[in-house]
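Engineer: What follows is a single structure, and I will ask about it in a moment.
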Amino acid sequence: MPNIKPPARRVTTYKIVQGIIGVVFAGYLIWRLFVVFIANPSYGPDTWARFAIAGLILGSVYALVAIGYTLVYGILRMINFAHGDIMMIGAFGGYFVFEALKSIPTPTLADPELTFLNAHPALSVIAAFIVGVSIAALSGYFLEKIAYRPLRGAPRLVPLISAIGASIFLENAAQLLFGAQRRDYANPVVLTRGEGWGIPIGGSNVILTYTGALTVVISTLLMIALYLLVMRTRLGRSMRAVSENKQVAALMGIDVDGVISRTFIISGALAGAAGVMWGIHLGLVYHFVGFIPGIKAFTAAVLGGIGNIPGAMMGGLFLGLVESMGPAVLGINFQLKDVIAFCILVLVLIFRPTGIMGEVLTEEKV
Amino acid sequence: MKIQLRHAVNAGVIFGIITIFLFLIGFTGTAADLFSDLFRNKNAASFLGLNPQMLNMLIFLGLIGVWAGAYGSRKSKSQTDDPWGAALIGGLTAGLVDGLLVSCLALLVGTLNLRGVRINVYLSEVLPDAIKLFLVGKSPLQGATVYFVWLTLTGLLGGLLSRGLGRGSWRARSGAAWNNILGKISQQSIVKQVRGSRNTRYVVYGILLLLVFLLPLRAGPYWNYTIGSVGIYVLLGLGLNIVVGLAGLLDLGYVAFFAIGAYTMALLTAPQPHHLMWSFWIALPIGVLLAALTGLLLGAPVLRMRGDYLAIVTLGFGEIIRILSKSDALTPFTGGPSGVKAIGFPTLFGKPFNSGVDFVYLIFLAVLLIIFVTNRLQNSRVGRAWEAMREDETVSRAMGINTLTQKLLAFAIGAAFAGLGGALFASRNVFTGPEDHNLMVSINVVAVVIVGGMGNIPGVIAGALVLKGLPEVLRQLQDYRVLVFGALLVVMMLWRPAGLIPSSRRKMEVGKDTGVIETPEGGRGK
């Protein structure tokens with residue numbers, strides 16, 4: 001029997017460069033961690049707790065948006081470039097609900113100036129979510145129907161360019177409709193930004209804001225609901241089947257176009273919820289509000305392995321944490337926090353293109 | 001006889017929503033101004049007892065109504081054997097629905113305005129003046145009636161007009177019509193002559209060149225500036241054309257290389273912040289080389305990944321460059337948010353190139369050089385390798401093409417062209433700052449390449465002329481430029497993914513005859 005040798009592992013220049021970059025980067029990271037925590041601790045535990053809380057809140061929003069990218073990528077193998085703008089539409093939906101409810105007077109004896117927004121804060125927030133989510137879901141549906149469906153089966157570059165066009169169109173339509181100024185989200189008084197429970201850490205009070213807690217709770221609930229939907233329901237099963245293989249799924253009697261439409265509705269709804277939370281927590285809406293979070297959420301989706309739903313959730317949380325702690329750890333200007341996210345994207349693509357949690361789709365399938 | 005009205009109603013709803021959207025973004029007023037400039041129909045307006053702007057807005061909305069009627073009737077008429085009746089009723093229904101929606105809007109907006117609600121707090125373009133114009137200076141109810149009647153009538157007219165047109169899907173038909181025009185142009189004896197004989201071709205090129213070179217002498221400073229901008233966009237478009245059109249890599253951070261070229265030129269030749277004051281001719285190649293080098297460095301890790309990652313990574317890279325040039329951390333090095341002033345200009349044989357006309361010529365020279373280089377590249381072994389790689393990476397690798405090297409080469413050459421464009425841009429404007437290098441530049445260039453025709457030099461030039469030059473001519477439309485770019489990208493992909501003037505090779509590949517992609521039912525994209 002001939003002795004079959006395993007093929008020798010080729011050491012390419014790229015691998016050497018990769019190794020060098022990896023060692024340099026890891027070394028720098030360890031050195032910075034050592035400096036920041038041991039040699040010269042410039043921040044106390046309370047500051048780190050603040051960073052962590054801010055990061056988790058931001059991360060839970062990124063996670064919701066990232067799930068939308070991952071769902072669509074899993075099924076259509078395309079980056080839904082306009083996803084961040086759907087989030088912007090959701091944020092505007094919630095904003096207008098709050099503005100409308102603010103103008104309804106519901107005077108009581110104690111407070112003649114009371115508005116509906118402050119009289120029924122829970123109802124108002126629910127209404128804002130319902131409206132924001134439905135508008136975003138509708139936009140997702142029409143986006144797919146107008147800009148992507150006719151291009152099914154075209155070369156890969158074609159739907160991607162269409163998606164970019166749709167994204168530019170939505171941003172500029174919003175700018176022309178609502179103006180370029182930044183608008184303040186009119187939260188109910190109970191949810192005033194910056195107020196919350198004080199947690200004593202390291203001798204000072206770290207505030208967990210009400211809005212932040214709301215964001216984390218709602219996004220956790222939505223993620224659980226989505227996971228159950230994908231894993232336990234008939235729709236979820238057909239979504240998974242379509243993402244495996246469209247033709248076979250169609251032969252099994254699955255309405256492929258319907259499943260794709262519903263996927264866009266679901267991802268739009270999640271982005272809409274993220275948009276309303278973004279508005280409630282951070283307080284500003286404008287036409288460009290979805291752009292940077294959209295790119296970061298995409299980074300989060302790649303980080304978790306695109307097509308992988310739990311991966312997108314983890315990736316979002318991780319990215320939020322890195323973004324809020326990164327500048328302090330690396331000792332760079334806080335203005336450059338957006339740069340960190342992009343650098344992470346490039347680093348992930350260099351070292352582990354399938355993401356931390358592993359990609360659900362293999363290269364052959366794509 | 002049973003006519004299905006569903007399509008007509010759909011058409012009415014679609015066009016009604018489009019009309020409402022146009023009003024809400026303030027486009028109806030702009031269109032009215034534009035029409036007033038074009039038609040100069042003051043007398044007709046005063047004869048009808050309207051102010052000219054109102055008349056022109058009604059004309060504009062009427063055109064949309066005609067379109068709605070035509071669209072609605074064509075959709076419904078394919079299902080019956082009574083084309084006249086179907087066309088009439090289809091157009092009428094579409095017009096009715098369209099008119100109903102628009103008159104509802106007029107009623108709503110007018111009533112709110114009368115009640116003193118300031119709508120423009122939320123919808124910034126719906127100013128009281130715009131509402132007055134929209135209601136034709138009448139009460140809300142009267143205004144609504146005007147729209148209802150007017151749009152129904154124009155819808156009917158559209159239905160009648162569409163009777164004369166044939167059947168079939170608009171996508172395939174308009175694509176075929178455009179190809180027909182292109183085909184007819186190429187069938188003309190002159191064009192054939194130009195294509196066939198080398199000498200005639202050179203004569204025609206020579207005349208064109210002469211015209212182009214005489215143009216700046218006649219045009220004023222404003223037009224020279226515009227011509228220069230178009231020229232720089234031709235440069236950028238030709239560079240991106242190599243990356244997107246030939247090699248099939250979507251680069252959304254093209255502005256990063258443009259910025260590197262511009263900042264290299266700025267920092268090396270300006271008195272502030274480094275006081276280097278080098279010559280333009282030294283700074284120019286350094287800028288080009290630096291841009292190419294950055295392209296290589298960015299491309300090396302990313303280009304081995306799937307194509308669509310590249311789009312996002314390059315987009316992120318473009319943003320990084322902008323954030324860095326703006327940030328406080330690099331202010332001592334790049335001048336920060338206030339940018340770099342007093343950038344040097346070139347001198348040639350003792351003659352300073354600092355007037356607008358001189359720069360137009362310089363840009364022309366650069367464009368000619370780039371056209372020459374692109375042309376030679378495209379028809380070389382490298383160009384063929386790029387196109388093979390774009391069509392099928394696996395097969396091209398099997399044919400012995402080192403795809404990574406080729407991709408890197410395309411990326412670096414594209415980056416070098418952008419660097420050249422950026423350096424010229426900075427030197428011409430004497431100033432450069434972070435806001436010169438925002439995302440919009442990348443998007444403009446992508447739009448130029450895609451609208452003009454991917455992988456085709458005349459297409460890119462046409463694209464730059466249309467997208468950069470036309471908005472300068474129609475200045476009223478300036479605000480809507482980017483919106484239209486976005487819509488154009490989608491429409492071009494739906495209608496003619498190969499661009500307005502597709503390259504001959506590309507046309508063969510993308511669509512057999514029409515330039516429209518045949519989508520197999522349920523087929524999976526590669």
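Residue numbering restarts at 1 for every chain of the structure tokens, chains are lettered A, B, ... in their displayed order, and ligands are numbered from 1 as they appear.
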Quick one: which chain A residues come within 6 Å of chain B, and what is the nearest atom pair for each with the distance in Å to one decimal, counting only C-alpha atoms, rows ordered by chain and ascending number, as CSV?
Structural biologist:
```
residue,atom,partner,partner_atom,distance
A:Gly153,CA,B:Gly525,CA,3.9
A:Ala154,CA,B:Gly525,CA,5.5
A:Pro155,CA,B:Lys526,CA,5.8
A:Ser162,CA,B:Val490,CA,4.4
A:Gly165,CA,B:Gly486,CA,4.0
A:Ala166,CA,B:Gly486,CA,5.9
A:Ile168,CA,B:Gly486,CA,4.8
A:Phe169,CA,B:Gly486,CA,4.4
A:Asn172,CA,B:Leu483,CA,5.3
A:Leu176,CA,B:Ile25,CA,5.1
A:Leu177,CA,B:Ile25,CA,5.0
A:Phe178,CA,B:Leu123,CA,4.7
A:Gly179,CA,B:Ser124,CA,5.1
A:Val339,CA,B:Ile320,CA,5.6
A:Phe342,CA,B:Gly316,CA,5.6
A:Ile350,CA,B:Pro301,CA,5.5
```
Engineer: Convert the current residue selection to file output with N, CA and C atoms, as a compact mmCIF listing (two decimals), in the first residue's frame.
Structural biologist:
```txt
# COMPACT_ATOMS: atom_id res chain seq x y z
N GLY A 153 -31.26 36.53 -8.24
CA GLY A 153 -30.60 35.73 -9.26
C GLY A 153 -29.63 36.52 -10.11
N ALA A 154 -29.53 37.82 -9.89
CA ALA A 154 -28.57 38.64 -10.65
C ALA A 154 -27.18 38.44 -10.05
N PRO A 155 -26.13 38.89 -10.76
CA PRO A 155 -24.79 38.81 -10.16
C PRO A 155 -24.74 39.55 -8.84
N SER A 162 -27.85 48.16 -5.61
CA SER A 162 -29.24 48.57 -5.41
C SER A 162 -29.48 48.91 -3.94
N GLY A 165 -27.98 52.21 -3.14
CA GLY A 165 -28.85 53.26 -3.67
C GLY A 165 -30.05 53.48 -2.78
N ALA A 166 -30.67 52.39 -2.32
CA ALA A 166 -31.83 52.52 -1.45
C ALA A 166 -31.46 53.24 -0.16
N ILE A 168 -29.01 55.43 0.32
CA ILE A 168 -28.81 56.87 0.06
C ILE A 168 -30.16 57.54 -0.12
N PHE A 169 -31.04 56.87 -0.84
CA PHE A 169 -32.36 57.44 -1.09
C PHE A 169 -33.10 57.68 0.23
N ASN A 172 -31.64 60.60 2.29
CA ASN A 172 -31.89 61.93 1.75
C ASN A 172 -33.37 62.25 1.74
N LEU A 176 -34.88 65.56 3.44
CA LEU A 176 -35.74 66.52 2.76
C LEU A 176 -37.10 66.61 3.44
N LEU A 177 -37.59 65.47 3.96
CA LEU A 177 -38.90 65.50 4.62
C LEU A 177 -38.83 66.23 5.96
N PHE A 178 -37.87 65.83 6.79
CA PHE A 178 -37.90 66.29 8.17
C PHE A 178 -36.87 67.38 8.45
N GLY A 179 -36.06 67.73 7.45
CA GLY A 179 -35.04 68.75 7.68
C GLY A 179 -33.78 68.12 8.23
N VAL A 339 -13.46 54.73 15.22
CA VAL A 339 -12.37 54.08 14.48
C VAL A 339 -12.14 52.68 15.00
N PHE A 342 -14.26 50.00 13.33
CA PHE A 342 -13.82 49.64 11.98
C PHE A 342 -12.53 48.83 12.03
N ILE A 350 -8.99 39.75 9.05
CA ILE A 350 -7.66 39.21 8.85
C ILE A 350 -7.51 37.88 9.57
```
Engineer: Do you know which residues are at most 10 Å from Trp31 in chain A counting only C-alpha atoms, after dropping those on the same chain fewer than 6 positions away, and could you put them as a list of chain:residue names?
Structural biologist: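 Final neighbour list, sorted by chain and number: A:Phe25, A:Ala39, A:Val329, A:Leu330.
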Engineer: Since we have the selection now, will you write its residues out, keeping N, CA and C atoms, as a PDB file, in the first residue's frame?
Structural biologist:
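Result file is selection.pdb:
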```pdb
ATOM      1  N   PHE A  25      -0.153  43.307  17.818  1.00  0.00           N
ATOM      2  CA  PHE A  25      -1.413  43.793  18.364  1.00  0.00           C
ATOM      3  C   PHE A  25      -1.648  43.249  19.771  1.00  0.00           C
ATOM      4  N   ALA A  39      -0.046  49.270  36.525  1.00  0.00           N
ATOM      5  CA  ALA A  39       1.058  50.213  36.701  1.00  0.00           C
ATOM      6  C   ALA A  39       0.550  51.613  37.041  1.00  0.00           C
ATOM      7  N   VAL A 329      -8.884  51.886  27.497  1.00  0.00           N
ATOM      8  CA  VAL A 329      -7.867  50.831  27.583  1.00  0.00           C
ATOM      9  C   VAL A 329      -6.692  51.152  26.673  1.00  0.00           C
ATOM     10  N   LEU A 330      -6.994  51.561  25.460  1.00  0.00           N
ATOM     11  CA  LEU A 330      -5.916  51.808  24.501  1.00  0.00           C
ATOM     12  C   LEU A 330      -5.292  53.181  24.687  1.00  0.00           C
TER      13      LEU A 330
END
```
Engineer: Could you give me the residues within range 53-107 of chain A that DSSP places in helix (DSSP H, G or I), as a PyMOL selection string?
Structural biologist: chain A and resi 53-76+83-102
Engineer: What lies within 6 Å of range 146-148 of chain B using only C-alpha atoms, ignoring chain neighbours under 4 positions off, as a list in words?
Structural biologist: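 Close residues of range 146-148 of chain B: Gly99, Leu100 and Ser103 of chain B.
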Engineer: Residues as selected, C-alpha atoms, written as a PDB file, in the first residue's frame, can you do that?
Structural biologist:
```pdb
ATOM      1  CA  GLY B  99     -56.633  62.529  -7.572  1.00  0.00           C
ATOM      2  CA  LEU B 100     -58.422  61.259  -4.467  1.00  0.00           C
ATOM      3  CA  SER B 103     -56.918  65.960  -2.777  1.00  0.00           C
TER       4      SER B 103
END
```
Engineer: Considering only C-alpha atoms, return as an NGL selection string whatever protein or nucleic-acid residues lie within 7 Å of Thr432 in chain B, sequence-local ones (same chain, fewer than 4 positions apart) excluded.
Structural biologist: :B and (339-341 or 426 or 436)
Engineer: Write out as JSON lines a residue-level contact list of range 16-58 of chain A versus range 309-316 of chain A with cut-off 12 Å: for each qualifying residue the closest pair of atoms and the distance in Å to one decimal, counting only C-alpha atoms, rows sorted by chain and residue number upward.
Structural biologist:
```
{"residue": "A:Gly55", "atom": "CA", "partner": "A:Gly316", "partner_atom": "CA", "distance": 9.8}
{"residue": "A:Leu56", "atom": "CA", "partner": "A:Gly316", "partner_atom": "CA", "distance": 8.9}
{"residue": "A:Ile57", "atom": "CA", "partner": "A:Gly316", "partner_atom": "CA", "distance": 10.1}
{"residue": "A:Leu58", "atom": "CA", "partner": "A:Gly316", "partner_atom": "CA", "distance": 8.3}
```
Engineer: Between CA of Phe98 in chain A and CA of Tyr185 in chain A, what distance in Å does the model show, to one decimal?
Structural biologist: 7.6 Å
Engineer: Report, in Å to a single decimal, how far apart CA of Ile161 in chain A and CA of Leu138 in chain A are.
Structural biologist: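 These atoms are spaced 21.6 Å apart.
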Engineer: One decimal, Å: what's the distance from CA of Val441 in chain B over to CA of Leu282 in chain A, could you say?
Structural biologist: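 We find that CA of Val441 in chain B and CA of Leu282 in chain A lie 29.0 Å from each other.
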Engineer: Have a look at A:Ile164, A:Val256, A:Ile104, A:Leu270 and name the one nearest to Met223 in chain A; count only C-alpha atoms.
Structural biologist: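 Checking each of A:Ile164, A:Val256, A:Ile104, A:Leu270 against Met223 in chain A, counting only C-alpha atoms, the winner is A:Leu270.
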Engineer: Counting only C-alpha atoms, what is within 9 Å of Arg193 in chain A, bar same-chain residues fewer than 6 positions away, as a PyMOL selection string?
Structural biologist: chain A and resi 187+209-212+280-283
Engineer: Just want the 12 Å neighbourhood of Val367 in chain B, counted on only C-alpha atoms, with same-chain residues fewer than 6 positions away dropped. Output as a ChimeraX atom specification.
Structural biologist: /B:209,212,228-239,360-361,373-375,417-418,420-421,424,457,460-461
Engineer: Write a file of the just-selected residues containing N, CA and C atoms, as a short mmCIF file (atom, residue, chain, number, x, y, z; two decimals), in the first residue's frame.
Structural biologist:
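Everything below was put into selection_15.cif:
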```
data_model
loop_
_atom_site.label_atom_id
_atom_site.label_comp_id
_atom_site.auth_asym_id
_atom_site.auth_seq_id
_atom_site.Cartn_x
_atom_site.Cartn_y
_atom_site.Cartn_z
N LEU B 209 -10.97 67.07 -29.38
CA LEU B 209 -9.97 67.59 -28.46
C LEU B 209 -9.81 69.09 -28.61
N VAL B 212 -12.66 70.81 -27.06
CA VAL B 212 -12.55 70.75 -25.60
C VAL B 212 -11.47 71.72 -25.12
N GLY B 228 -13.71 71.95 -14.51
CA GLY B 228 -12.64 71.31 -13.75
C GLY B 228 -13.18 70.23 -12.82
N SER B 229 -14.32 70.53 -12.15
CA SER B 229 -14.90 69.53 -11.25
C SER B 229 -15.32 68.30 -12.02
N VAL B 230 -15.95 68.53 -13.18
CA VAL B 230 -16.37 67.38 -13.99
C VAL B 230 -15.14 66.57 -14.38
N GLY B 231 -14.06 67.29 -14.75
CA GLY B 231 -12.83 66.60 -15.14
C GLY B 231 -12.29 65.75 -14.01
N ILE B 232 -12.31 66.29 -12.79
CA ILE B 232 -11.81 65.53 -11.65
C ILE B 232 -12.69 64.31 -11.41
N TYR B 233 -14.00 64.48 -11.62
CA TYR B 233 -14.88 63.32 -11.46
C TYR B 233 -14.65 62.29 -12.55
N VAL B 234 -14.29 62.75 -13.77
CA VAL B 234 -13.94 61.78 -14.80
C VAL B 234 -12.72 60.98 -14.36
N LEU B 235 -11.73 61.69 -13.79
CA LEU B 235 -10.53 61.01 -13.27
C LEU B 235 -10.91 59.96 -12.24
N LEU B 236 -11.69 60.40 -11.25
CA LEU B 236 -12.07 59.48 -10.17
C LEU B 236 -12.89 58.34 -10.74
N GLY B 237 -13.81 58.68 -11.65
CA GLY B 237 -14.67 57.65 -12.23
C GLY B 237 -13.85 56.62 -12.98
N LEU B 238 -12.84 57.08 -13.74
CA LEU B 238 -12.03 56.12 -14.50
C LEU B 238 -11.24 55.24 -13.54
N GLY B 239 -10.79 55.82 -12.43
CA GLY B 239 -10.08 55.01 -11.45
C GLY B 239 -10.98 53.97 -10.83
N VAL B 360 -7.91 74.02 -15.59
CA VAL B 360 -8.74 73.20 -16.47
C VAL B 360 -7.85 72.43 -17.43
N TYR B 361 -6.83 73.12 -18.00
CA TYR B 361 -5.93 72.43 -18.92
C TYR B 361 -5.15 71.33 -18.23
N VAL B 373 -3.94 55.45 -20.27
CA VAL B 373 -3.50 54.33 -19.43
C VAL B 373 -4.62 53.30 -19.31
N THR B 374 -5.85 53.78 -19.02
CA THR B 374 -6.95 52.85 -18.84
C THR B 374 -7.17 52.02 -20.10
N ASN B 375 -7.12 52.72 -21.23
CA ASN B 375 -7.36 52.04 -22.49
C ASN B 375 -6.33 50.94 -22.71
N PHE B 417 -5.15 56.54 -9.14
CA PHE B 417 -5.91 57.53 -9.91
C PHE B 417 -6.62 58.49 -8.96
N ALA B 418 -7.20 57.92 -7.89
CA ALA B 418 -7.88 58.78 -6.92
C ALA B 418 -6.91 59.74 -6.27
N LEU B 420 -4.23 60.97 -7.61
CA LEU B 420 -3.96 62.02 -8.59
C LEU B 420 -5.10 63.04 -8.58
N GLY B 421 -6.34 62.52 -8.62
CA GLY B 421 -7.49 63.43 -8.60
C GLY B 421 -7.49 64.29 -7.35
N LEU B 424 -4.76 67.07 -7.49
CA LEU B 424 -5.16 68.17 -8.38
C LEU B 424 -6.26 69.01 -7.74
N ILE B 457 -15.01 53.44 -20.95
CA ILE B 457 -14.48 54.80 -20.78
C ILE B 457 -15.48 55.88 -21.22
N VAL B 460 -18.16 56.28 -18.61
CA VAL B 460 -17.79 57.00 -17.39
C VAL B 460 -17.77 58.51 -17.65
N ILE B 461 -17.25 58.91 -18.82
CA ILE B 461 -17.21 60.34 -19.13
C ILE B 461 -18.64 60.88 -19.21
#
```
